[in-house]
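Text of the file my_file_31.pdb, holding PDB, C-alpha atoms:
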ATOM      1  CA  MET A 459       0.000   0.000   0.000  1.00  0.00           C
ATOM      2  CA  GLU A 460       1.230   3.486  -0.889  1.00  0.00           C
ATOM      3  CA  LYS A 461       2.455   5.432   2.103  1.00  0.00           C
ATOM      4  CA  ALA A 462       0.219   8.342   3.093  1.00  0.00           C
ATOM      5  CA  GLN A 463       1.849  11.711   2.510  1.00  0.00           C
ATOM      6  CA  PHE A 464       1.236  15.111   4.011  1.00  0.00           C
ATOM      7  CA  PHE A 465      -1.542  17.227   2.400  1.00  0.00           C
ATOM      8  CA  HIS A 466      -1.673  15.166  -0.807  1.00  0.00           C
ATOM      9  CA  TYR A 467      -4.766  15.191  -3.003  1.00  0.00           C
ATOM     10  CA  LYS A 468      -6.968  12.111  -2.696  1.00  0.00           C
ATOM     11  CA  THR A 469      -9.078  11.128  -5.693  1.00  0.00           C
ATOM     12  CA  GLN A 470     -12.644  10.480  -4.591  1.00  0.00           C
ATOM     13  CA  GLU A 471     -16.222  11.249  -5.628  1.00  0.00           C
ATOM     14  CA  THR A 472     -17.415  12.860  -2.397  1.00  0.00           C
ATOM     15  CA  PHE A 473     -19.603  15.960  -2.274  1.00  0.00           C
ATOM     16  CA  LEU A 474     -16.675  18.136  -1.185  1.00  0.00           C
ATOM     17  CA  HIS A 475     -14.586  17.024  -4.167  1.00  0.00           C
ATOM     18  CA  LYS A 476     -17.365  18.326  -6.421  1.00  0.00           C
ATOM     19  CA  VAL A 477     -17.623  21.762  -4.818  1.00  0.00           C
ATOM     20  CA  PRO A 478     -16.240  24.469  -7.167  1.00  0.00           C
ATOM     21  CA  ALA A 479     -12.612  25.233  -6.400  1.00  0.00           C
ATOM     22  CA  TRP A 480     -13.113  28.979  -5.936  1.00  0.00           C
ATOM     23  CA  ILE A 481     -15.663  28.316  -3.202  1.00  0.00           C
ATOM     24  CA  LYS A 482     -13.266  25.955  -1.436  1.00  0.00           C
ATOM     25  CA  ILE A 483     -10.448  28.500  -1.628  1.00  0.00           C
ATOM     26  CA  LEU A 484     -12.610  31.148   0.033  1.00  0.00           C
ATOM     27  CA  LEU A 485     -13.780  28.623   2.620  1.00  0.00           C
ATOM     28  CA  ILE A 486     -10.281  27.441   3.502  1.00  0.00           C
ATOM     29  CA  ILE A 487      -9.108  31.028   4.051  1.00  0.00           C
ATOM     30  CA  THR A 488     -12.169  31.949   6.106  1.00  0.00           C
ATOM     31  CA  LEU A 489     -12.448  28.796   8.227  1.00  0.00           C
ATOM     32  CA  ALA A 490      -8.717  28.293   8.858  1.00  0.00           C
ATOM     33  CA  ALA A 491      -8.422  31.907  10.033  1.00  0.00           C
ATOM     34  CA  ALA A 492     -11.646  31.705  12.075  1.00  0.00           C
ATOM     35  CA  ALA A 493     -10.226  28.696  13.967  1.00  0.00           C
ATOM     36  CA  PHE A 494      -7.829  31.065  15.760  1.00  0.00           C
ATOM     37  CA  TYR A 495     -10.680  33.213  17.085  1.00  0.00           C
ATOM     38  CA  LEU A 496     -12.901  30.441  18.429  1.00  0.00           C
ATOM     39  CA  PRO A 497     -12.776  29.536  22.128  1.00  0.00           C
ATOM     40  CA  ALA A 498     -10.265  26.765  22.844  1.00  0.00           C
ATOM     41  CA  LYS A 499     -13.003  24.481  24.174  1.00  0.00           C
ATOM     42  CA  ILE A 500     -14.874  24.663  20.878  1.00  0.00           C
ATOM     43  CA  CYS A 501     -11.643  23.918  18.965  1.00  0.00           C
ATOM     44  CA  LEU A 502     -10.923  20.888  21.153  1.00  0.00           C
ATOM     45  CA  ALA A 503     -14.458  19.593  20.573  1.00  0.00           C
ATOM     46  CA  ALA A 504     -14.493  20.326  16.822  1.00  0.00           C
ATOM     47  CA  TYR A 505     -11.104  18.723  16.079  1.00  0.00           C
ATOM     48  CA  PRO A 506     -12.091  15.062  16.673  1.00  0.00           C
ATOM     49  CA  ILE A 507     -15.447  15.697  14.966  1.00  0.00           C
ATOM     50  CA  LEU A 508     -13.623  16.871  11.820  1.00  0.00           C
ATOM     51  CA  ILE A 509     -11.352  13.831  11.947  1.00  0.00           C
ATOM     52  CA  LEU A 510     -14.353  11.480  12.091  1.00  0.00           C
ATOM     53  CA  PHE A 511     -16.005  13.492   9.305  1.00  0.00           C
ATOM     54  CA  SER A 512     -12.925  13.157   7.085  1.00  0.00           C
ATOM     55  CA  ILE A 513     -12.747   9.395   7.667  1.00  0.00           C
ATOM     56  CA  PHE A 514     -16.412   8.459   7.305  1.00  0.00           C
ATOM     57  CA  ALA A 515     -17.748  11.161   4.957  1.00  0.00           C
ATOM     58  CA  LEU A 516     -14.666  11.888   2.830  1.00  0.00           C
ATOM     59  CA  HIS A 517     -13.166   8.373   3.004  1.00  0.00           C
ATOM     60  CA  PHE A 518      -9.722   9.414   4.213  1.00  0.00           C
ATOM     61  CA  ARG A 519      -7.596   6.580   5.522  1.00  0.00           C
ATOM     62  CA  PRO A 520      -6.518   6.804   9.183  1.00  0.00           C
ATOM     63  CA  SER A 521      -2.910   6.826   7.930  1.00  0.00           C
ATOM     64  CA  GLU A 522      -3.667   9.950   5.877  1.00  0.00           C
ATOM     65  CA  VAL A 523      -5.242  11.668   8.869  1.00  0.00           C
ATOM     66  CA  TRP A 524      -2.191  10.718  10.928  1.00  0.00           C
ATOM     67  CA  ALA A 525       0.195  12.036   8.245  1.00  0.00           C
ATOM     68  CA  ASP A 526      -1.534  15.435   8.308  1.00  0.00           C
ATOM     69  CA  ALA A 527      -1.531  15.522  12.124  1.00  0.00           C
ATOM     70  CA  LYS A 528       2.212  14.864  12.460  1.00  0.00           C
ATOM     71  CA  PRO A 529       3.202  18.572  12.462  1.00  0.00           C
ATOM     72  CA  ILE A 530       0.936  19.152  15.471  1.00  0.00           C
ATOM     73  CA  ILE A 531       2.432  16.147  17.280  1.00  0.00           C
ATOM     74  CA  ALA A 532       5.924  17.477  16.570  1.00  0.00           C
ATOM     75  CA  TYR A 533       4.891  20.940  17.769  1.00  0.00           C
ATOM     76  CA  ILE A 534       3.533  19.454  21.022  1.00  0.00           C
ATOM     77  CA  PHE A 535       6.871  17.765  21.712  1.00  0.00           C
ATOM     78  CA  LEU A 536       8.714  20.988  20.842  1.00  0.00           C
ATOM     79  CA  LEU A 537       6.604  23.005  23.284  1.00  0.00           C
ATOM     80  CA  TYR A 538       7.008  20.356  25.964  1.00  0.00           C
ATOM     81  CA  PHE A 539      10.787  20.335  25.508  1.00  0.00           C
ATOM     82  CA  ALA A 540      10.804  24.150  25.730  1.00  0.00           C
ATOM     83  CA  THR A 541       8.719  23.895  28.915  1.00  0.00           C
ATOM     84  CA  ILE A 542      11.273  21.552  30.491  1.00  0.00           C
ATOM     85  CA  LEU A 543      14.107  23.961  29.656  1.00  0.00           C
ATOM     86  CA  LEU A 544      12.206  26.922  31.110  1.00  0.00           C
ATOM     87  CA  ASN A 545      11.311  24.956  34.242  1.00  0.00           C
ATOM     88  CA  LEU A 546      14.955  23.964  34.686  1.00  0.00           C
ATOM     89  CA  ALA A 547      16.098  27.562  34.301  1.00  0.00           C
ATOM     90  CA  ASN A 548      13.477  28.817  36.782  1.00  0.00           C
ATOM     91  CA  HIS A 549      14.239  26.051  39.255  1.00  0.00           C
ATOM     92  CA  PHE A 550      17.974  26.641  39.438  1.00  0.00           C
ATOM     93  CA  SER A 551      17.646  30.427  39.322  1.00  0.00           C
ATOM     94  CA  GLN A 552      15.680  30.271  42.588  1.00  0.00           C
ATOM     95  CA  ILE A 553      18.389  28.325  44.413  1.00  0.00           C
ATOM     96  CA  VAL A 554      20.551  30.596  46.533  1.00  0.00           C
ATOM     97  CA  TYR A 555      24.118  29.501  47.316  1.00  0.00           C
ATOM     98  CA  PRO A 556      24.932  28.174  49.865  1.00  0.00           C
ATOM     99  CA  VAL A 557      21.950  25.834  49.675  1.00  0.00           C
ATOM    100  CA  SER A 558      20.046  25.654  52.937  1.00  0.00           C
ATOM    101  CA  SER A 559      18.700  22.187  52.238  1.00  0.00           C
ATOM    102  CA  TRP A 560      19.459  19.690  49.479  1.00  0.00           C
ATOM    103  CA  SER A 561      15.857  18.536  49.689  1.00  0.00           C
ATOM    104  CA  GLU A 562      14.975  22.009  48.447  1.00  0.00           C
ATOM    105  CA  VAL A 563      17.063  21.365  45.338  1.00  0.00           C
ATOM    106  CA  TYR A 564      15.787  17.892  44.543  1.00  0.00           C
ATOM    107  CA  GLY A 565      12.265  18.406  45.837  1.00  0.00           C
ATOM    108  CA  GLY A 566      11.356  20.733  42.967  1.00  0.00           C
ATOM    109  CA  MET A 567      12.806  18.476  40.286  1.00  0.00           C
ATOM    110  CA  SER A 568       9.508  16.618  39.919  1.00  0.00           C
ATOM    111  CA  ARG A 569       7.809  19.843  38.867  1.00  0.00           C
ATOM    112  CA  ILE A 570      10.217  20.356  35.991  1.00  0.00           C
ATOM    113  CA  PHE A 571       8.495  17.754  33.818  1.00  0.00           C
ATOM    114  CA  ILE A 572       4.957  19.077  34.383  1.00  0.00           C
ATOM    115  CA  PRO A 573       3.710  20.474  31.033  1.00  0.00           C
ATOM    116  CA  ASN A 574       2.747  24.121  30.723  1.00  0.00           C
ATOM    117  CA  LEU A 575      -0.999  24.114  30.058  1.00  0.00           C
ATOM    118  CA  THR A 576      -0.986  27.747  28.978  1.00  0.00           C
ATOM    119  CA  TYR A 577      -0.015  26.432  25.525  1.00  0.00           C
ATOM    120  CA  LEU A 578      -3.210  24.365  25.286  1.00  0.00           C
ATOM    121  CA  PRO A 579      -5.383  27.078  23.639  1.00  0.00           C
ATOM    122  CA  LEU A 580      -2.705  27.694  20.999  1.00  0.00           C
ATOM    123  CA  LEU A 581      -2.458  23.966  20.272  1.00  0.00           C
ATOM    124  CA  ALA A 582      -6.248  23.714  20.022  1.00  0.00           C
ATOM    125  CA  HIS A 583      -6.392  26.557  17.496  1.00  0.00           C
ATOM    126  CA  LEU A 584      -3.481  25.182  15.450  1.00  0.00           C
ATOM    127  CA  SER A 585      -4.915  21.649  15.411  1.00  0.00           C
ATOM    128  CA  LEU A 586      -8.318  22.755  14.166  1.00  0.00           C
ATOM    129  CA  SER A 587      -6.846  25.098  11.548  1.00  0.00           C
ATOM    130  CA  LEU A 588      -4.500  22.383  10.293  1.00  0.00           C
ATOM    131  CA  GLU A 589      -7.317  19.824  10.058  1.00  0.00           C
ATOM    132  CA  ILE A 590      -9.481  22.261   8.077  1.00  0.00           C
ATOM    133  CA  THR A 591      -6.576  22.929   5.719  1.00  0.00           C
ATOM    134  CA  SER A 592      -5.907  19.201   5.396  1.00  0.00           C
ATOM    135  CA  ILE A 593      -9.502  18.490   4.329  1.00  0.00           C
ATOM    136  CA  PHE A 594      -9.373  21.090   1.565  1.00  0.00           C
ATOM    137  CA  TYR A 595      -5.929  20.007   0.348  1.00  0.00           C
ATOM    138  CA  ARG A 596      -7.003  16.371   0.084  1.00  0.00           C
ATOM    139  CA  THR A 597     -10.182  17.260  -1.818  1.00  0.00           C
ATOM    140  CA  THR A 598      -8.699  19.850  -4.215  1.00  0.00           C
ATOM    141  CA  SER A 599      -6.109  19.062  -6.887  1.00  0.00           C
ATOM    142  CA  HIS A 600      -3.428  21.437  -8.149  1.00  0.00           C
ATOM    143  CA  GLY A 601      -5.387  22.035 -11.366  1.00  0.00           C
ATOM    144  CA  GLN A 602      -8.527  22.825  -9.388  1.00  0.00           C
ATOM    145  CA  PHE A 603      -6.631  25.289  -7.211  1.00  0.00           C
ATOM    146  CA  LYS A 604      -5.353  26.969 -10.374  1.00  0.00           C
ATOM    147  CA  ASP A 605      -8.860  27.185 -11.886  1.00  0.00           C
ATOM    148  CA  GLY A 606     -10.245  28.480  -8.590  1.00  0.00           C
ATOM    149  CA  PHE A 607      -7.658  31.247  -8.325  1.00  0.00           C
ATOM    150  CA  ALA A 608      -8.250  32.131 -11.987  1.00  0.00           C
ATOM    151  CA  THR A 609     -11.989  32.482 -11.335  1.00  0.00           C
ATOM    152  CA  ILE A 610     -11.416  34.716  -8.301  1.00  0.00           C
ATOM    153  CA  GLU A 611      -8.795  36.817 -10.083  1.00  0.00           C
ATOM    154  CA  SER A 612     -10.995  37.295 -13.170  1.00  0.00           C
ATOM    155  CA  PHE A 613     -13.900  38.346 -10.967  1.00  0.00           C
ATOM    156  CA  ILE A 614     -11.752  40.935  -9.148  1.00  0.00           C
ATOM    157  CA  THR A 615      -9.876  42.317 -12.171  1.00  0.00           C
ATOM    158  CA  ARG A 616     -12.781  41.920 -14.638  1.00  0.00           C
ATOM    159  CA  LYS A 617     -10.299  40.499 -17.146  1.00  0.00           C
ATOM    160  CA  ASP A 618     -10.275  37.149 -18.919  1.00  0.00           C
ATOM    161  CA  GLN A 619      -6.545  36.654 -18.352  1.00  0.00           C
ATOM    162  CA  ALA A 620      -5.572  35.429 -14.873  1.00  0.00           C
ATOM    163  CA  THR A 621      -1.838  36.024 -14.646  1.00  0.00           C
ATOM    164  CA  LEU A 622      -1.486  35.306 -10.925  1.00  0.00           C
ATOM    165  CA  SER A 623      -3.380  32.005 -10.802  1.00  0.00           C
ATOM    166  CA  ASP A 624      -0.345  29.900 -11.803  1.00  0.00           C
ATOM    167  CA  THR A 625       1.846  31.530  -9.163  1.00  0.00           C
ATOM    168  CA  LEU A 626      -0.724  31.184  -6.383  1.00  0.00           C
ATOM    169  CA  ALA A 627      -1.473  27.563  -7.261  1.00  0.00           C
ATOM    170  CA  LEU A 628       2.257  26.824  -7.350  1.00  0.00           C
ATOM    171  CA  ALA A 629       2.709  28.345  -3.894  1.00  0.00           C
ATOM    172  CA  LEU A 630      -0.047  26.145  -2.465  1.00  0.00           C
ATOM    173  CA  SER A 631       1.171  22.998  -4.195  1.00  0.00           C
ATOM    174  CA  PHE A 632       4.654  23.478  -2.742  1.00  0.00           C
ATOM    175  CA  ILE A 633       3.553  22.382   0.741  1.00  0.00           C
ATOM    176  CA  PRO A 634       2.770  18.768  -0.243  1.00  0.00           C
ATOM    177  CA  ARG A 635       5.706  18.755  -2.671  1.00  0.00           C
ATOM    178  CA  ILE A 636       8.135  19.443   0.179  1.00  0.00           C
ATOM    179  CA  SER A 637       6.723  16.376   1.919  1.00  0.00           C
ATOM    180  CA  THR A 638       7.393  14.338  -1.237  1.00  0.00           C
ATOM    181  CA  PHE A 639      10.972  15.637  -1.450  1.00  0.00           C
ATOM    182  CA  TRP A 640      11.588  14.704   2.185  1.00  0.00           C
ATOM    183  CA  GLU A 641      10.240  11.176   1.680  1.00  0.00           C
ATOM    184  CA  ARG A 642      12.578  10.639  -1.272  1.00  0.00           C
ATOM    185  CA  LEU A 643      15.592  11.920   0.638  1.00  0.00           C
ATOM    186  CA  ASN A 644      14.640   9.844   3.678  1.00  0.00           C
ATOM    187  CA  ARG A 645      14.308   6.640   1.617  1.00  0.00           C
ATOM    188  CA  ALA A 646      17.689   7.302  -0.005  1.00  0.00           C
ATOM    189  CA  TRP A 647      19.228   7.892   3.431  1.00  0.00           C
ATOM    190  CA  LEU A 648      17.814   4.668   4.882  1.00  0.00           C
ATOM    191  CA  SER A 649      18.745   2.628   1.806  1.00  0.00           C
ATOM    192  CA  ARG A 650      22.376   3.628   2.344  1.00  0.00           C
ATOM    193  CA  GLY A 651      22.322   2.356   5.909  1.00  0.00           C
ATOM    194  CA  GLY A 652      21.562   5.678   7.599  1.00  0.00           C
ATOM    195  CA  ARG A 653      19.595   5.840  10.834  1.00  0.00           C
ATOM    196  CA  ASP A 654      17.049   8.208  12.315  1.00  0.00           C
ATOM    197  CA  SER A 655      19.070  10.727  14.301  1.00  0.00           C
ATOM    198  CA  ILE A 656      19.934  14.386  14.671  1.00  0.00           C
ATOM    199  CA  PHE A 657      22.747  13.828  12.197  1.00  0.00           C
ATOM    200  CA  LYS A 658      20.169  12.727   9.579  1.00  0.00           C
ATOM    201  CA  ALA A 659      18.240  15.975   9.982  1.00  0.00           C
ATOM    202  CA  LEU A 660      21.439  18.065   9.790  1.00  0.00           C
ATOM    203  CA  SER A 661      22.458  16.193   6.638  1.00  0.00           C
ATOM    204  CA  LEU A 662      19.131  16.153   4.813  1.00  0.00           C
ATOM    205  CA  PHE A 663      17.714  19.609   5.550  1.00  0.00           C
ATOM    206  CA  PRO A 664      20.282  21.440   3.339  1.00  0.00           C
ATOM    207  CA  LYS A 665      19.542  18.952   0.533  1.00  0.00           C
ATOM    208  CA  LEU A 666      15.809  19.450   1.033  1.00  0.00           C
ATOM    209  CA  PHE A 667      16.265  23.220   0.757  1.00  0.00           C
ATOM    210  CA  HIS A 668      18.335  22.810  -2.423  1.00  0.00           C
ATOM    211  CA  VAL A 669      15.823  20.461  -4.087  1.00  0.00           C
ATOM    212  CA  ALA A 670      12.860  22.671  -3.142  1.00  0.00           C
ATOM    213  CA  MET A 671      14.541  25.829  -4.472  1.00  0.00           C
ATOM    214  CA  ARG A 672      15.488  24.098  -7.730  1.00  0.00           C
ATOM    215  CA  GLU A 673      11.933  22.821  -8.164  1.00  0.00           C
ATOM    216  CA  GLY A 674      10.527  26.294  -7.506  1.00  0.00           C
ATOM    217  CA  TYR A 675      12.938  27.862 -10.001  1.00  0.00           C
ATOM    218  CA  GLU A 676      12.084  25.340 -12.736  1.00  0.00           C
ATOM    219  CA  LYS A 677       8.360  25.777 -12.125  1.00  0.00           C
ATOM    220  CA  SER A 678       8.666  29.571 -12.292  1.00  0.00           C
ATOM    221  CA  LEU A 679      10.524  29.298 -15.625  1.00  0.00           C
ATOM    222  CA  ALA A 680       7.780  27.048 -16.982  1.00  0.00           C
ATOM    223  CA  ILE A 681       5.116  29.561 -15.923  1.00  0.00           C
ATOM    224  CA  GLN A 682       7.029  32.412 -17.607  1.00  0.00           C
ATOM    225  CA  ASN A 683       7.408  30.403 -20.827  1.00  0.00           C
ATOM    226  CA  ARG A 684       3.668  29.655 -20.950  1.00  0.00           C
ATOM    227  CA  SER A 685       2.847  33.330 -20.505  1.00  0.00           C
ATOM    228  CA  LEU A 686       5.000  34.405 -23.481  1.00  0.00           C
TER     229      LEU A 686
END
Kindly transcribe the structure held in the file into structure tokens.
Amino acid sequence: MEKAQFFHYKTQETFLHKVPAWIKILLIITLAAAAFYLPAKICLAAYPILILFSIFALHFRPSEVWADAKPIIAYIFLLYFATILLNLANHFSQIVYPVSSWSEVYGGMSRIFIPNLTYLPLLAHLSLSLEITSIFYRTTSHGQFKDGFATIESFITRKDQATLSDTLALALSFIPRISTFWERLNRAWLSRGGRDSIFKALSLFPKLFHVAMREGYEKSLAIQNRSL
């Protein structure tokens, strides 16, 4: 079975796939932005509902839902790691030398690993916004994004030619393309006996940047040639 990739279009015949692209573009902008203004409790309740909706109504595989949720999982670990560092710094900054009691030093160590719940509203907003974006990415192809932007641009400019639609569609399509580039580099790394480590990230990220920039440059040249 093909491995699920981040924000990749999924061919289906659901009702959302058939919605005109320009409507979906306006919806994704409106709903993804609105997710940051909703109360955190509503975001936490809506997030699992959207996941169930995407699985049962839009026929997404659980692996695809998981692939799109990975950035949030990584962000949670990043915030938790930052919390530990801040707790460590606060803990040792409160210790006055000479130490009156070693139990005072070690007694507060257990509190260092307690997560900072003040980040919970931010995580709730990000999770809901990302899930909304994921649903629209998986139900809208690159060509549909291009046609949708062309429709919106023609309506605004009142001109038949939509010169910005290619550029805007290319910018949106770059997010899933970066995921594809990373998967290729990761497979090449593992096939050569490499292991998952910090060294892998330090080695592959410059290559990922190079491949992404080259792809963007070649795509921009193709767009310019078509416009001539």
request  = Apply the PyMOL selection byres ((chain A and resi 604) around 8) to the structure shown and report the selected residues as a PyMOL selection string.
outcome  = chain A and resi 600-603+605-608+623-624+626-627
query = Which one of A:Ala547, A:Leu537, A:Leu489, A:Val523 sits closest to Leu578 (chain A) if you count all atoms listed in the file?
reply = A:Leu537
request  = Starting from the displayed file, determine the output of the PyMOL selection byres ((chain A and resi 486) around 12) and express the residue list as a list in words.
outcome  = Ala479, Trp480, Ile481, Lys482, Ile483, Leu484, Leu485, Ile487, Thr488, Leu489, Ala490, Ala491, Ala492, Ala493, Leu586, Ser587, Leu588, Glu589, Ile590, Thr591, Ser592, Ile593, Phe594, Tyr595, Thr597, Thr598, Phe603 and Leu630 of chain A
task = Tell me, as a ChimeraX atom specification, which residues lie within 9 Å of Ser637 (chain A), counting all atoms listed in the file; anything in the same chain fewer than 6 positions away does not count.
result = /A:463-466
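Picture a line from CA of Tyr467 (chain A) to CA of His517 (chain A); it runs 12.4 Å.
Near Leu502 (chain A), within 8 Å and counting all atoms listed in the file, sit A:Ala498, A:Pro506, A:Ala582, A:Leu586, not including residues fewer than 4 positions from it in the same chain.
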request  = Enter the distance from CA of His583 (chain A) to CA of Lys468 (chain A), in Å, rounded to one decimal.
outcome  = 24.8 Å
Please, which residues are within 10 Å of (-16.0, 15.6, -3.2) by the file's coordinates, counting all atoms listed in the file, and could they come as a PDB file with C-alpha atoms, keeping the file's coordinate frame?
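Contents of the output file result32.pdb:
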ATOM      1  CA  LYS A 468      -6.968  12.111  -2.696  1.00  0.00           C
ATOM      2  CA  THR A 469      -9.078  11.128  -5.693  1.00  0.00           C
ATOM      3  CA  GLN A 470     -12.644  10.480  -4.591  1.00  0.00           C
ATOM      4  CA  GLU A 471     -16.222  11.249  -5.628  1.00  0.00           C
ATOM      5  CA  THR A 472     -17.415  12.860  -2.397  1.00  0.00           C
ATOM      6  CA  PHE A 473     -19.603  15.960  -2.274  1.00  0.00           C
ATOM      7  CA  LEU A 474     -16.675  18.136  -1.185  1.00  0.00           C
ATOM      8  CA  HIS A 475     -14.586  17.024  -4.167  1.00  0.00           C
ATOM      9  CA  LYS A 476     -17.365  18.326  -6.421  1.00  0.00           C
ATOM     10  CA  VAL A 477     -17.623  21.762  -4.818  1.00  0.00           C
ATOM     11  CA  PRO A 478     -16.240  24.469  -7.167  1.00  0.00           C
ATOM     12  CA  ALA A 515     -17.748  11.161   4.957  1.00  0.00           C
ATOM     13  CA  LEU A 516     -14.666  11.888   2.830  1.00  0.00           C
ATOM     14  CA  HIS A 517     -13.166   8.373   3.004  1.00  0.00           C
ATOM     15  CA  PHE A 594      -9.373  21.090   1.565  1.00  0.00           C
ATOM     16  CA  ARG A 596      -7.003  16.371   0.084  1.00  0.00           C
ATOM     17  CA  THR A 597     -10.182  17.260  -1.818  1.00  0.00           C
ATOM     18  CA  THR A 598      -8.699  19.850  -4.215  1.00  0.00           C
TER      19      THR A 598
END
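CA of Ile530 (chain A) lies 16.1 Å from CA of Asn574 (chain A).
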